[in-house]
file protein.txt (compact mmCIF, C-alpha atoms)
# COMPACT_ATOMS: atom_id res chain seq x y z
CA MET Q 1 61.41 36.98 136.24
CA LYS Q 2 61.67 33.66 134.40
CA ASN Q 3 61.73 31.69 137.65
CA ALA Q 4 58.67 33.54 138.93
CA LEU Q 5 56.73 32.62 135.80
CA ILE Q 6 57.86 29.00 136.09
CA TYR Q 7 56.64 28.89 139.70
CA ILE Q 8 53.20 30.27 138.82
CA VAL Q 9 52.84 27.80 135.94
CA ILE Q 10 53.80 24.89 138.23
CA PHE Q 11 51.36 26.10 140.90
CA ALA Q 12 48.54 26.25 138.32
CA ALA Q 13 49.56 22.88 136.83
CA ILE Q 14 49.46 21.16 140.22
CA GLN Q 15 46.00 22.58 140.80
CA LEU Q 16 44.79 21.46 137.36
CA VAL Q 17 46.21 17.92 137.64
CA VAL Q 18 44.74 17.41 141.13
CA ARG Q 19 41.34 18.67 139.95
CA ILE Q 20 41.33 16.38 136.88
CA LEU Q 21 42.34 13.34 138.95
CA ALA Q 22 39.76 14.16 141.64
CA GLN Q 23 36.99 14.53 139.09
CA GLY Q 24 38.05 11.27 137.41
CA ILE Q 25 37.98 9.38 140.71
CA TRP Q 26 34.62 10.95 141.55
CA ILE Q 27 33.13 9.74 138.24
CA ILE Q 28 34.48 6.22 138.87
CA VAL Q 29 33.05 6.15 142.40
CA MET Q 30 29.67 7.58 141.39
CA GLY Q 31 29.47 5.56 138.17
CA LYS Q 32 28.44 8.64 136.23
CA GLU Q 33 29.45 12.24 135.65
CA ALA Q 34 28.04 14.32 138.50
CA PRO Q 35 29.01 17.49 140.42
CA MET Q 36 31.41 16.85 143.31
CA ASN Q 37 30.04 17.28 146.81
CA ALA Q 38 31.52 19.38 149.62
CA THR Q 39 33.57 16.55 151.14
CA SER Q 40 35.22 15.64 147.84
CA MET Q 41 35.94 19.32 147.09
CA ILE Q 42 37.57 19.79 150.50
CA ILE Q 43 39.69 16.66 150.09
CA MET Q 44 40.75 17.82 146.62
CA MET Q 45 41.79 21.26 147.91
CA ALA Q 46 43.61 19.75 150.89
CA VAL Q 47 45.58 17.39 148.61
CA PHE Q 48 46.41 20.29 146.30
CA SER Q 49 47.67 22.50 149.15
CA ILE Q 50 49.74 19.76 150.79
CA LEU Q 51 51.19 18.55 147.47
CA THR Q 52 52.10 22.13 146.54
CA MET Q 53 53.94 22.68 149.82
CA VAL Q 54 55.78 19.37 149.54
CA ILE Q 55 56.92 20.04 145.95
CA PHE Q 56 58.05 23.62 146.61
CA LEU Q 57 59.94 22.61 149.74
CA TRP Q 58 61.48 19.51 148.14
CA ALA Q 59 62.67 21.51 145.12
CA LYS Q 60 63.88 24.30 147.47
CA TRP Q 61 61.93 26.88 145.49
CA SER Q 62 60.54 28.08 148.82
CA VAL Q 63 62.92 28.10 151.77
CA ILE Q 64 61.65 27.79 155.33
CA SER Q 65 63.85 29.42 157.95
CA ARG Q 66 63.44 30.01 161.68
CA HIS Q 67 65.82 32.98 161.78
CA TRP Q 68 63.10 35.64 161.90
CA VAL Q 69 60.95 33.73 164.43
CA ARG Q 70 63.97 33.37 166.71
CA THR Q 71 63.90 37.16 167.20
CA ARG Q 72 60.59 36.60 169.04
CA PRO Q 73 58.58 39.13 167.03
CA TRP Q 74 55.38 38.63 169.01
CA PHE Q 75 54.38 42.29 168.93
CA VAL Q 76 54.83 42.31 165.14
CA LEU Q 77 52.48 39.36 164.82
CA PHE Q 78 50.02 41.10 167.15
CA TRP Q 79 49.95 44.11 164.83
CA CYS Q 80 49.58 41.77 161.83
CA VAL Q 81 46.40 40.44 163.43
CA LEU Q 82 45.04 43.95 164.04
CA ALA Q 83 45.96 45.05 160.51
CA ALA Q 84 44.09 42.08 159.04
CA LEU Q 85 41.00 42.84 161.14
CA GLY Q 86 41.13 46.54 160.37
CA ALA Q 87 41.51 46.07 156.62
CA LEU Q 88 38.40 43.92 156.10
CA VAL Q 89 35.68 46.60 156.05
CA PRO Q 90 37.71 49.11 153.96
CA SER Q 91 38.53 46.39 151.43
CA VAL Q 92 34.90 45.29 151.10
CA TRP Q 93 33.78 48.92 150.94
CA LEU Q 94 36.17 49.63 148.06
CA GLN Q 95 35.04 46.51 146.26
CA GLU Q 96 31.39 47.52 146.57
CA LEU Q 97 32.21 50.84 144.88
CA MET Q 98 33.47 48.94 141.83
CA PRO Q 99 31.20 47.46 139.13
CA GLU Q 100 29.93 44.00 140.05
CA LEU Q 101 32.31 41.33 138.81
CA PRO Q 102 31.35 37.76 137.81
CA ASN Q 103 31.78 35.07 140.46
CA HIS Q 104 32.72 31.90 138.58
CA VAL Q 105 33.26 29.67 141.62
CA GLU Q 106 30.34 30.78 143.79
CA GLY Q 107 28.81 27.29 143.93
CA GLU Q 108 32.03 25.51 144.93
CA PHE Q 109 32.95 28.30 147.33
CA ASP Q 110 29.54 28.10 149.00
CA MET Q 111 29.81 24.33 149.54
CA ILE Q 112 33.27 24.54 151.07
CA MET Q 113 32.58 27.54 153.30
CA LYS Q 114 29.39 26.02 154.73
CA ASP Q 115 31.11 22.76 155.67
CA ARG Q 116 32.88 22.65 159.05
CA TRP Q 117 35.85 20.90 157.45
CA GLY Q 118 36.06 23.70 154.92
CA TYR Q 119 37.99 25.71 157.48
CA LEU Q 120 40.84 23.20 157.22
CA VAL Q 121 41.58 24.26 153.65
CA VAL Q 122 40.32 27.86 153.70
CA GLY Q 123 41.66 28.95 157.07
CA LEU Q 124 44.73 26.76 157.60
CA LEU Q 125 46.18 25.08 154.50
CA ALA Q 126 45.48 27.82 151.92
CA PRO Q 127 47.28 30.63 153.81
CA LEU Q 128 50.35 28.47 154.37
CA ALA Q 129 50.54 27.06 150.82
CA GLU Q 130 49.86 30.38 149.10
CA GLU Q 131 52.39 32.29 151.19
CA MET Q 132 55.06 29.67 150.50
CA VAL Q 133 54.44 29.97 146.75
CA PHE Q 134 53.61 33.64 146.18
CA ARG Q 135 55.89 35.25 148.74
CA GLY Q 136 58.38 32.50 149.61
CA ALA Q 137 59.09 31.53 145.99
CA ILE Q 138 57.66 34.00 143.45
CA LEU Q 139 58.32 37.27 145.28
CA ARG Q 140 61.70 36.06 146.53
CA SER Q 141 62.68 35.47 142.89
CA LEU Q 142 61.28 38.83 141.74
CA LEU Q 143 63.13 40.74 144.47
CA ARG Q 144 66.39 39.33 143.11
CA TRP Q 145 65.40 40.37 139.58
CA LYS Q 146 64.69 44.07 140.22
CA THR Q 147 66.43 46.57 142.49
CA ASN Q 148 63.15 48.42 143.11
CA PRO Q 149 61.28 46.07 145.47
CA TRP Q 150 57.88 47.52 144.59
CA VAL Q 151 58.17 46.23 141.03
CA GLY Q 152 58.39 42.70 142.36
CA ILE Q 153 55.72 43.31 145.02
CA ILE Q 154 53.22 44.64 142.46
CA ILE Q 155 53.90 41.82 139.98
CA SER Q 156 53.50 39.19 142.69
CA ALA Q 157 50.24 40.83 143.83
CA ILE Q 158 48.90 40.77 140.26
CA LEU Q 159 49.81 37.10 139.91
CA PHE Q 160 48.22 36.39 143.29
CA ALA Q 161 44.98 38.04 142.13
CA VAL Q 162 44.93 36.40 138.69
CA ILE Q 163 45.62 32.86 139.96
CA HIS Q 164 42.35 32.96 141.91
CA MET Q 165 40.72 32.82 138.44
CA ASN Q 166 37.63 34.51 139.82
CA PRO Q 167 37.05 38.20 138.97
CA ALA Q 168 34.95 38.76 142.10
CA GLN Q 169 37.94 37.90 144.33
CA MET Q 170 40.66 39.67 142.34
CA PRO Q 171 40.47 43.26 143.72
CA HIS Q 172 40.65 42.08 147.34
CA ALA Q 173 43.38 39.55 146.51
CA PHE Q 174 45.45 42.23 144.77
CA LEU Q 175 45.26 44.66 147.72
CA ILE Q 176 46.14 41.93 150.20
CA GLY Q 177 48.94 40.79 147.89
CA LEU Q 178 50.53 44.24 148.06
CA LEU Q 179 50.51 44.25 151.86
CA LEU Q 180 51.71 40.66 152.16
CA GLY Q 181 54.48 41.35 149.66
CA TRP Q 182 55.61 44.41 151.58
CA MET Q 183 55.74 42.42 154.82
CA TYR Q 184 57.80 39.70 153.16
CA TYR Q 185 60.22 42.25 151.70
CA ARG Q 186 60.70 43.84 155.12
CA THR Q 187 61.32 40.55 156.97
CA ASP Q 188 62.47 37.90 154.47
CA SER Q 189 59.93 35.66 156.22
CA ILE Q 190 56.52 34.33 155.25
CA VAL Q 191 55.41 34.15 158.91
CA PRO Q 192 53.81 37.66 159.08
CA GLY Q 193 52.01 36.95 155.82
CA VAL Q 194 50.76 33.57 157.01
CA VAL Q 195 49.36 35.15 160.20
CA TYR Q 196 47.69 38.00 158.26
CA HIS Q 197 46.35 35.58 155.63
CA TRP Q 198 45.06 33.22 158.34
CA ILE Q 199 43.14 36.01 160.14
CA ASN Q 200 41.69 37.30 156.86
CA ASN Q 201 40.44 33.87 155.77
CA THR Q 202 39.23 32.94 159.26
CA VAL Q 203 37.08 36.06 159.58
CA ALA Q 204 35.72 35.48 156.06
CA TYR Q 205 34.82 31.90 157.00
CA VAL Q 206 33.11 32.94 160.24
CA LEU Q 207 31.14 35.78 158.65
CA TYR Q 208 30.09 33.58 155.74
CA ASN Q 209 28.52 31.11 158.17
CA LEU Q 210 26.95 33.81 160.33
CA TYR Q 211 25.56 35.66 157.30
CA PRO Q 212 25.22 33.09 154.48
CA LYS Q 213 23.38 35.47 152.16
CA PRO Q 214 25.56 35.42 148.98
CA ASP Q 215 24.92 39.04 147.95
CA LEU Q 216 25.24 40.49 151.46
CA THR Q 217 26.43 44.11 151.43
CA LEU Q 218 27.85 46.29 154.18
CA THR Q 219 24.55 48.16 154.32
CA ASP Q 220 22.73 44.87 154.93
CA LEU Q 221 25.23 44.01 157.64
CA PHE Q 222 25.25 47.33 159.51
CA GLY Q 223 21.71 48.55 158.78
CA ASN Q 224 22.24 51.83 156.94
CA GLU Q 225 24.83 53.91 155.12
CA GLN Q 226 25.66 56.04 158.17
CA ARG Q 227 26.61 52.96 160.18
CA VAL Q 228 28.67 51.68 157.27
CA LEU Q 229 30.70 54.90 157.32
CA MET Q 230 31.08 54.62 161.09
CA ALA Q 231 32.31 51.02 160.72
CA LEU Q 232 34.68 52.17 157.98
CA GLY Q 233 36.10 54.91 160.20
CA PHE Q 234 36.43 52.57 163.17
CA SER Q 235 38.22 49.99 161.00
CA LEU Q 236 40.65 52.61 159.73
CA LEU Q 237 41.39 53.58 163.34
CA ILE Q 238 42.55 49.98 163.77
CA PHE Q 239 44.22 49.46 160.41
CA LEU Q 240 46.25 52.68 160.10
CA PRO Q 241 47.90 52.51 163.56
CA ALA Q 242 48.62 48.81 162.95
CA LEU Q 243 50.22 49.68 159.62
CA PHE Q 244 52.27 52.41 161.30
CA GLN Q 245 53.46 49.98 163.97
CA LEU Q 246 54.37 47.37 161.36
CA ASN Q 247 56.36 49.97 159.45
CA GLN Q 248 58.26 50.75 162.64
CA ARG Q 249 58.80 47.16 163.76
CA LEU Q 250 59.23 45.02 160.63
CA SER Q 251 62.88 44.15 160.03
CA LYS Q 252 64.91 41.35 158.51
call {"tool": "encode", "arguments": {"input": "protein.txt", "output": "structure tokens"}}
result
Amino acid sequence: MKNALIYIVIFAAIQLVVRILAQGIWIIVMGKEAPMNATSMIIMMAVFSILTMVIFLWAKWSVISRHWVRTRPWFVLFWCVLAALGALVPSVWLQELMPELPNHVEGEFDMIMKDRWGYLVVGLLAPLAEEMVFRGAILRSLLRWKTNPWVGIIISAILFAVIHMNPAQMPHAFLIGLLLGWMYYRTDSIVPGVVYHWINNTVAYVLYNLYPKPDLTLTDLFGNEQRVLMALGFSLLIFLPALFQLNQRLSK
């Protein structure tokens, strides 16, 4: 447990130091204190993700292995993709049932998501860096700490939700964290989680640019409540069989 807490503190510290340095450089360049633009935000996030991966790999807190990939688990990865697609509507639907939560990073998030280079950090670097830290380091440490794997999986999912530091993202991040943690426990590999995470973030990026309305709801998207329920049922017909197949196929 101690190692897991150390890892989360280091992850947050790297993020804080990179942000402070980026803002300092931005003030020097601009000659005055001003909000960072999209390009500077994307560069800052890219540096943070790459630096995080380098540090965790160098310190061997997260271990990269090709053992699981050598089993050629292509069908497993196929079902990971379907599970990620099928889980999107149910997750949003559940979140809409909850009280509205504050969105502290809406402005920064909007700038990054609307920029074409934003996909580099949102769709590619973030899934890889976060899986290395939260599953490859934190969950790996927690699974050694407790004999019941779900204790570690739940704790890692909570940490994954909290570190986003944005209440509006926390419910979705927690649910995804549970599934990603379960996949890591079953395989000892971050690859399934990276693929799932990549699909989730990619679809979010695409939809955000197709429908840039910040308070878009499922009813706005599908037209009426009946269609929302139809979309929910259709999504579950994708997600549940994919989850069943993953339960059958995931192995160390």
call {"tool": "residues_near_point", "arguments": {"input": "protein.txt", "point": "(54.1, 39.8, 166.2)", "cutoff": "12 Å", "atoms": "all atoms listed in the file", "output": "JSON, numbers by chain"}}
result
{"Q": [68, 69, 70, 71, 72, 73, 74, 75, 76, 77, 78, 79, 80, 81, 82, 83, 183, 187, 191, 192, 193, 194, 195, 196, 242, 245, 246, 249, 250, 251]}
call {"tool": "closest_residue", "arguments": {"input": "protein.txt", "among": "Q:Pro171, Q:Leu178, Q:Gly118, Q:Val54", "to": "Ala157 in chain Q", "atoms": "only C-alpha atoms"}}
result
Q:Leu178
call {"tool": "closest_atom_pairs", "arguments": {"input": "protein.txt", "of": "range 35-137 of chain Q", "to": "range 231-235 of chain Q", "cutoff": "8 Å", "atoms": "all atoms listed in the file", "output": "Markdown table"}}
result
| residue | atom | partner | partner_atom | distance |
| --- | --- | --- | --- | --- |
| Q:Leu85 | CA | Q:Ser235 | CA | 7.7 |
| Q:Gly86 | CA | Q:Ser235 | CA | 4.6 |
| Q:Ala87 | CA | Q:Ser235 | CA | 6.7 |
| Q:Leu88 | CA | Q:Ser235 | CA | 7.8 |
| Q:Val89 | CA | Q:Leu232 | CA | 6.0 |
| Q:Pro90 | CA | Q:Leu232 | CA | 5.9 |
| Q:Trp93 | CA | Q:Leu232 | CA | 7.8 |
call {"tool": "closest_residue", "arguments": {"input": "protein.txt", "among": "Q:Val122, Q:Leu16, Q:Leu143, Q:Leu51", "to": "Tyr184 in chain Q", "atoms": "only C-alpha atoms"}}
result
Q:Leu143
call {"tool": "atom_distance", "arguments": {"input": "protein.txt", "atom1": "CA of Asn247 in chain Q", "atom2": "CA of Gly177 in chain Q"}}
result
16.5 Å
call {"tool": "closest_residue", "arguments": {"input": "protein.txt", "among": "Q:Val92, Q:Met113, Q:Ile10, Q:Leu179", "to": "Phe48 in chain Q", "atoms": "all atoms listed in the file"}}
result
Q:Ile10
call {"tool": "closest_residue", "arguments": {"input": "protein.txt", "among": "Q:Arg19, Q:Lys60, Q:Lys2, Q:Arg116", "to": "Thr39 in chain Q", "atoms": "only C-alpha atoms"}}
result
Q:Arg116
call {"tool": "atom_distance", "arguments": {"input": "protein.txt", "atom1": "CA of Leu210 in chain Q", "atom2": "CA of Leu124 in chain Q"}}
result
19.3 Å
call {"tool": "atom_distance", "arguments": {"input": "protein.txt", "atom1": "CA of Leu97 in chain Q", "atom2": "CA of Ile163 in chain Q"}}
result
23.0 Å
call {"tool": "closest_residue", "arguments": {"input": "protein.txt", "among": "Q:Met41, Q:Leu243, Q:Leu221, Q:Val47", "to": "Ala129 in chain Q", "atoms": "all atoms listed in the file"}}
result
Q:Val47
call {"tool": "closest_residue", "arguments": {"input": "protein.txt", "among": "Q:Leu120, Q:Leu94, Q:Ile27, Q:Ile158", "to": "Phe134 in chain Q", "atoms": "only C-alpha atoms"}}
result
Q:Ile158
call {"tool": "residues_around", "arguments": {"input": "protein.txt", "residues": "Leu57 in chain Q", "least_positions_apart": "6", "cutoff": "9 Å", "atoms": "only C-alpha atoms", "output": "MDAnalysis selection string"}}
result
chainID Q and resid 63:64 132
call {"tool": "residues_around", "arguments": {"input": "protein.txt", "residues": "Leu159 in chain Q", "least_positions_apart": "3", "cutoff": "12 Å", "atoms": "all atoms listed in the file", "output": "PyMOL selection string"}}
result
chain Q and resi 4-5+7-9+11-12+130+133-135+138-139+142+152-156+162-165+170-171+173-178+181
call {"tool": "residues_around", "arguments": {"input": "protein.txt", "residues": "Glu100 in chain Q", "least_positions_apart": "2", "cutoff": "12 Å", "atoms": "all atoms listed in the file", "output": "VMD selection string"}}
result
chain Q and resid 94 to 98 102 to 103 167 to 171 215 217
call {"tool": "write_last_selection", "arguments": {"input": "protein.txt", "atoms": "C-alpha atoms", "output": "PDB file, keeping the file's coordinate frame"}}
result
ATOM      1  CA  LEU Q  94      36.170  49.630 148.060  1.00  0.00           C
ATOM      2  CA  GLN Q  95      35.040  46.510 146.260  1.00  0.00           C
ATOM      3  CA  GLU Q  96      31.390  47.520 146.570  1.00  0.00           C
ATOM      4  CA  LEU Q  97      32.210  50.840 144.880  1.00  0.00           C
ATOM      5  CA  MET Q  98      33.470  48.940 141.830  1.00  0.00           C
ATOM      6  CA  PRO Q 102      31.350  37.760 137.810  1.00  0.00           C
ATOM      7  CA  ASN Q 103      31.780  35.070 140.460  1.00  0.00           C
ATOM      8  CA  PRO Q 167      37.050  38.200 138.970  1.00  0.00           C
ATOM      9  CA  ALA Q 168      34.950  38.760 142.100  1.00  0.00           C
ATOM     10  CA  GLN Q 169      37.940  37.900 144.330  1.00  0.00           C
ATOM     11  CA  MET Q 170      40.660  39.670 142.340  1.00  0.00           C
ATOM     12  CA  PRO Q 171      40.470  43.260 143.720  1.00  0.00           C
ATOM     13  CA  ASP Q 215      24.920  39.040 147.950  1.00  0.00           C
ATOM     14  CA  THR Q 217      26.430  44.110 151.430  1.00  0.00           C
TER      15      THR Q 217
END
call {"tool": "residues_around", "arguments": {"input": "protein.txt", "residues": "Asp115 in chain Q", "least_positions_apart": "2", "cutoff": "12 Å", "atoms": "all atoms listed in the file", "output": "number ranges by chain"}}
result
Q: 37-43, 108-113, 117-122, 205-206, 208-209, 212
call {"tool": "decode", "arguments": {"input": "protein.txt", "residues": "range 46-169 of chain Q", "atoms": "C-alpha atoms", "output": "PDB file, in the first residue's frame"}}
result
ATOM      1  CA  ALA Q  46       2.806  15.807 -23.888  1.00  0.00           C
ATOM      2  CA  VAL Q  47       5.924  16.611 -21.826  1.00  0.00           C
ATOM      3  CA  PHE Q  48       4.156  15.455 -18.667  1.00  0.00           C
ATOM      4  CA  SER Q  49       3.072  12.135 -20.206  1.00  0.00           C
ATOM      5  CA  ILE Q  50       6.464  11.375 -21.756  1.00  0.00           C
ATOM      6  CA  LEU Q  51       8.379  12.387 -18.615  1.00  0.00           C
ATOM      7  CA  THR Q  52       6.080  10.231 -16.480  1.00  0.00           C
ATOM      8  CA  MET Q  53       6.658   7.178 -18.675  1.00  0.00           C
ATOM      9  CA  VAL Q  54      10.423   7.717 -18.723  1.00  0.00           C
ATOM     10  CA  ILE Q  55      10.651   8.082 -14.927  1.00  0.00           C
ATOM     11  CA  PHE Q  56       8.440   5.069 -14.152  1.00  0.00           C
ATOM     12  CA  LEU Q  57      10.308   2.878 -16.632  1.00  0.00           C
ATOM     13  CA  TRP Q  58      13.746   4.089 -15.522  1.00  0.00           C
ATOM     14  CA  ALA Q  59      12.927   3.463 -11.857  1.00  0.00           C
ATOM     15  CA  LYS Q  60      11.363   0.083 -12.800  1.00  0.00           C
ATOM     16  CA  TRP Q  61       8.173   0.989 -10.957  1.00  0.00           C
ATOM     17  CA  SER Q  62       6.298  -0.068 -14.087  1.00  0.00           C
ATOM     18  CA  VAL Q  63       7.641  -3.083 -15.949  1.00  0.00           C
ATOM     19  CA  ILE Q  64       7.041  -3.531 -19.669  1.00  0.00           C
ATOM     20  CA  SER Q  65       6.983  -7.130 -20.847  1.00  0.00           C
ATOM     21  CA  ARG Q  66       6.172  -8.758 -24.187  1.00  0.00           C
ATOM     22  CA  HIS Q  67       5.212 -12.111 -22.661  1.00  0.00           C
ATOM     23  CA  TRP Q  68       1.459 -11.601 -22.946  1.00  0.00           C
ATOM     24  CA  VAL Q  69       1.643 -10.106 -26.464  1.00  0.00           C
ATOM     25  CA  ARG Q  70       3.674 -13.097 -27.616  1.00  0.00           C
ATOM     26  CA  THR Q  71       0.589 -15.268 -27.036  1.00  0.00           C
ATOM     27  CA  ARG Q  72      -0.986 -13.359 -29.958  1.00  0.00           C
ATOM     28  CA  PRO Q  73      -4.166 -12.363 -28.116  1.00  0.00           C
ATOM     29  CA  TRP Q  74      -5.729 -10.622 -31.101  1.00  0.00           C
ATOM     30  CA  PHE Q  75      -9.256 -11.800 -30.347  1.00  0.00           C
ATOM     31  CA  VAL Q  76      -8.911 -10.510 -26.781  1.00  0.00           C
ATOM     32  CA  LEU Q  77      -7.947  -7.088 -28.090  1.00  0.00           C
ATOM     33  CA  PHE Q  78     -10.868  -7.221 -30.528  1.00  0.00           C
ATOM     34  CA  TRP Q  79     -13.269  -7.772 -27.629  1.00  0.00           C
ATOM     35  CA  CYS Q  80     -11.534  -4.960 -25.692  1.00  0.00           C
ATOM     36  CA  VAL Q  81     -12.410  -2.621 -28.559  1.00  0.00           C
ATOM     37  CA  LEU Q  82     -16.045  -3.765 -28.594  1.00  0.00           C
ATOM     38  CA  ALA Q  83     -16.298  -3.490 -24.802  1.00  0.00           C
ATOM     39  CA  ALA Q  84     -15.004   0.080 -24.920  1.00  0.00           C
ATOM     40  CA  LEU Q  85     -17.510   1.026 -27.632  1.00  0.00           C
ATOM     41  CA  GLY Q  86     -20.378  -0.706 -25.870  1.00  0.00           C
ATOM     42  CA  ALA Q  87     -19.679   0.893 -22.494  1.00  0.00           C
ATOM     43  CA  LEU Q  88     -19.802   4.520 -23.655  1.00  0.00           C
ATOM     44  CA  VAL Q  89     -23.576   5.104 -23.773  1.00  0.00           C
ATOM     45  CA  PRO Q  90     -24.326   3.196 -20.516  1.00  0.00           C
ATOM     46  CA  SER Q  91     -21.586   5.131 -18.714  1.00  0.00           C
ATOM     47  CA  VAL Q  92     -22.873   8.508 -19.930  1.00  0.00           C
ATOM     48  CA  TRP Q  93     -26.452   7.462 -19.159  1.00  0.00           C
ATOM     49  CA  LEU Q  94     -25.513   6.579 -15.570  1.00  0.00           C
ATOM     50  CA  GLN Q  95     -23.646   9.849 -15.183  1.00  0.00           C
ATOM     51  CA  GLU Q  96     -26.649  11.832 -16.395  1.00  0.00           C
ATOM     52  CA  LEU Q  97     -28.770  10.201 -13.686  1.00  0.00           C
ATOM     53  CA  MET Q  98     -26.422  11.606 -11.041  1.00  0.00           C
ATOM     54  CA  PRO Q  99     -26.525  15.216  -9.766  1.00  0.00           C
ATOM     55  CA  GLU Q 100     -24.541  17.583 -11.978  1.00  0.00           C
ATOM     56  CA  LEU Q 101     -20.942  17.799 -10.800  1.00  0.00           C
ATOM     57  CA  PRO Q 102     -18.635  20.830 -11.204  1.00  0.00           C
ATOM     58  CA  ASN Q 103     -16.293  20.800 -14.196  1.00  0.00           C
ATOM     59  CA  HIS Q 104     -13.142  22.606 -13.055  1.00  0.00           C
ATOM     60  CA  VAL Q 105     -11.108  22.084 -16.231  1.00  0.00           C
ATOM     61  CA  GLU Q 106     -13.795  22.688 -18.855  1.00  0.00           C
ATOM     62  CA  GLY Q 107     -11.921  25.599 -20.454  1.00  0.00           C
ATOM     63  CA  GLU Q 108      -8.589  23.765 -20.776  1.00  0.00           C
ATOM     64  CA  PHE Q 109     -10.331  20.575 -21.868  1.00  0.00           C
ATOM     65  CA  ASP Q 110     -12.255  22.453 -24.562  1.00  0.00           C
ATOM     66  CA  MET Q 111      -9.085  24.022 -25.999  1.00  0.00           C
ATOM     67  CA  ILE Q 112      -7.220  20.720 -26.169  1.00  0.00           C
ATOM     68  CA  MET Q 113     -10.095  18.675 -27.581  1.00  0.00           C
ATOM     69  CA  LYS Q 114     -10.814  21.185 -30.354  1.00  0.00           C
ATOM     70  CA  ASP Q 115      -7.201  21.260 -31.524  1.00  0.00           C
ATOM     71  CA  ARG Q 116      -6.143  18.568 -34.019  1.00  0.00           C
ATOM     72  CA  TRP Q 117      -2.917  18.028 -32.069  1.00  0.00           C
ATOM     73  CA  GLY Q 118      -4.977  17.471 -28.941  1.00  0.00           C
ATOM     74  CA  TYR Q 119      -5.497  13.889 -30.058  1.00  0.00           C
ATOM     75  CA  LEU Q 120      -1.772  13.264 -29.564  1.00  0.00           C
ATOM     76  CA  VAL Q 121      -2.093  13.698 -25.803  1.00  0.00           C
ATOM     77  CA  VAL Q 122      -5.731  12.686 -25.280  1.00  0.00           C
ATOM     78  CA  GLY Q 123      -5.888   9.673 -27.575  1.00  0.00           C
ATOM     79  CA  LEU Q 124      -2.306   8.370 -27.631  1.00  0.00           C
ATOM     80  CA  LEU Q 125      -0.024   9.545 -24.819  1.00  0.00           C
ATOM     81  CA  ALA Q 126      -2.565   9.710 -21.971  1.00  0.00           C
ATOM     82  CA  PRO Q 127      -3.792   6.089 -22.296  1.00  0.00           C
ATOM     83  CA  LEU Q 128      -0.239   4.758 -22.374  1.00  0.00           C
ATOM     84  CA  ALA Q 129       1.095   6.898 -19.505  1.00  0.00           C
ATOM     85  CA  GLU Q 130      -1.934   6.371 -17.262  1.00  0.00           C
ATOM     86  CA  GLU Q 131      -2.004   2.613 -17.780  1.00  0.00           C
ATOM     87  CA  MET Q 132       1.710   2.362 -16.990  1.00  0.00           C
ATOM     88  CA  VAL Q 133       1.192   4.272 -13.737  1.00  0.00           C
ATOM     89  CA  PHE Q 134      -2.228   3.176 -12.479  1.00  0.00           C
ATOM     90  CA  ARG Q 135      -2.221  -0.446 -13.584  1.00  0.00           C
ATOM     91  CA  GLY Q 136       1.451  -1.184 -14.295  1.00  0.00           C
ATOM     92  CA  ALA Q 137       2.738   0.379 -11.069  1.00  0.00           C
ATOM     93  CA  ILE Q 138      -0.027   1.210  -8.568  1.00  0.00           C
ATOM     94  CA  LEU Q 139      -2.299  -1.802  -9.099  1.00  0.00           C
ATOM     95  CA  ARG Q 140       0.663  -4.162  -9.440  1.00  0.00           C
ATOM     96  CA  SER Q 141       1.812  -2.997  -5.992  1.00  0.00           C
ATOM     97  CA  LEU Q 142      -1.694  -3.262  -4.488  1.00  0.00           C
ATOM     98  CA  LEU Q 143      -2.186  -6.806  -5.807  1.00  0.00           C
ATOM     99  CA  ARG Q 144       0.929  -7.845  -3.891  1.00  0.00           C
ATOM    100  CA  TRP Q 145      -0.409  -6.149  -0.752  1.00  0.00           C
ATOM    101  CA  LYS Q 146      -3.819  -7.873  -0.541  1.00  0.00           C
ATOM    102  CA  THR Q 147      -4.829 -11.453  -1.322  1.00  0.00           C
ATOM    103  CA  ASN Q 148      -8.289 -10.306  -2.457  1.00  0.00           C
ATOM    104  CA  PRO Q 149      -7.587  -8.714  -5.862  1.00  0.00           C
ATOM    105  CA  TRP Q 150     -10.763  -6.625  -5.799  1.00  0.00           C
ATOM    106  CA  VAL Q 151      -9.464  -4.618  -2.844  1.00  0.00           C
ATOM    107  CA  GLY Q 152      -6.537  -3.473  -4.951  1.00  0.00           C
ATOM    108  CA  ILE Q 153      -8.689  -2.997  -8.061  1.00  0.00           C
ATOM    109  CA  ILE Q 154     -11.186  -0.782  -6.215  1.00  0.00           C
ATOM    110  CA  ILE Q 155      -8.461   1.290  -4.531  1.00  0.00           C
ATOM    111  CA  SER Q 156      -6.653   1.810  -7.837  1.00  0.00           C
ATOM    112  CA  ALA Q 157      -9.952   2.829  -9.498  1.00  0.00           C
ATOM    113  CA  ILE Q 158     -10.616   5.370  -6.739  1.00  0.00           C
ATOM    114  CA  LEU Q 159      -7.118   6.816  -7.134  1.00  0.00           C
ATOM    115  CA  PHE Q 160      -7.591   6.888 -10.912  1.00  0.00           C
ATOM    116  CA  ALA Q 161     -10.817   8.872 -10.485  1.00  0.00           C
ATOM    117  CA  VAL Q 162      -9.450  11.264  -7.855  1.00  0.00           C
ATOM    118  CA  ILE Q 163      -6.236  12.097  -9.747  1.00  0.00           C
ATOM    119  CA  HIS Q 164      -8.312  13.587 -12.568  1.00  0.00           C
ATOM    120  CA  MET Q 165      -9.089  16.344 -10.021  1.00  0.00           C
ATOM    121  CA  ASN Q 166     -12.321  17.105 -11.827  1.00  0.00           C
ATOM    122  CA  PRO Q 167     -15.609  15.937 -10.233  1.00  0.00           C
ATOM    123  CA  ALA Q 168     -17.392  15.817 -13.599  1.00  0.00           C
ATOM    124  CA  GLN Q 169     -14.970  13.129 -14.851  1.00  0.00           C
TER     125      GLN Q 169
END
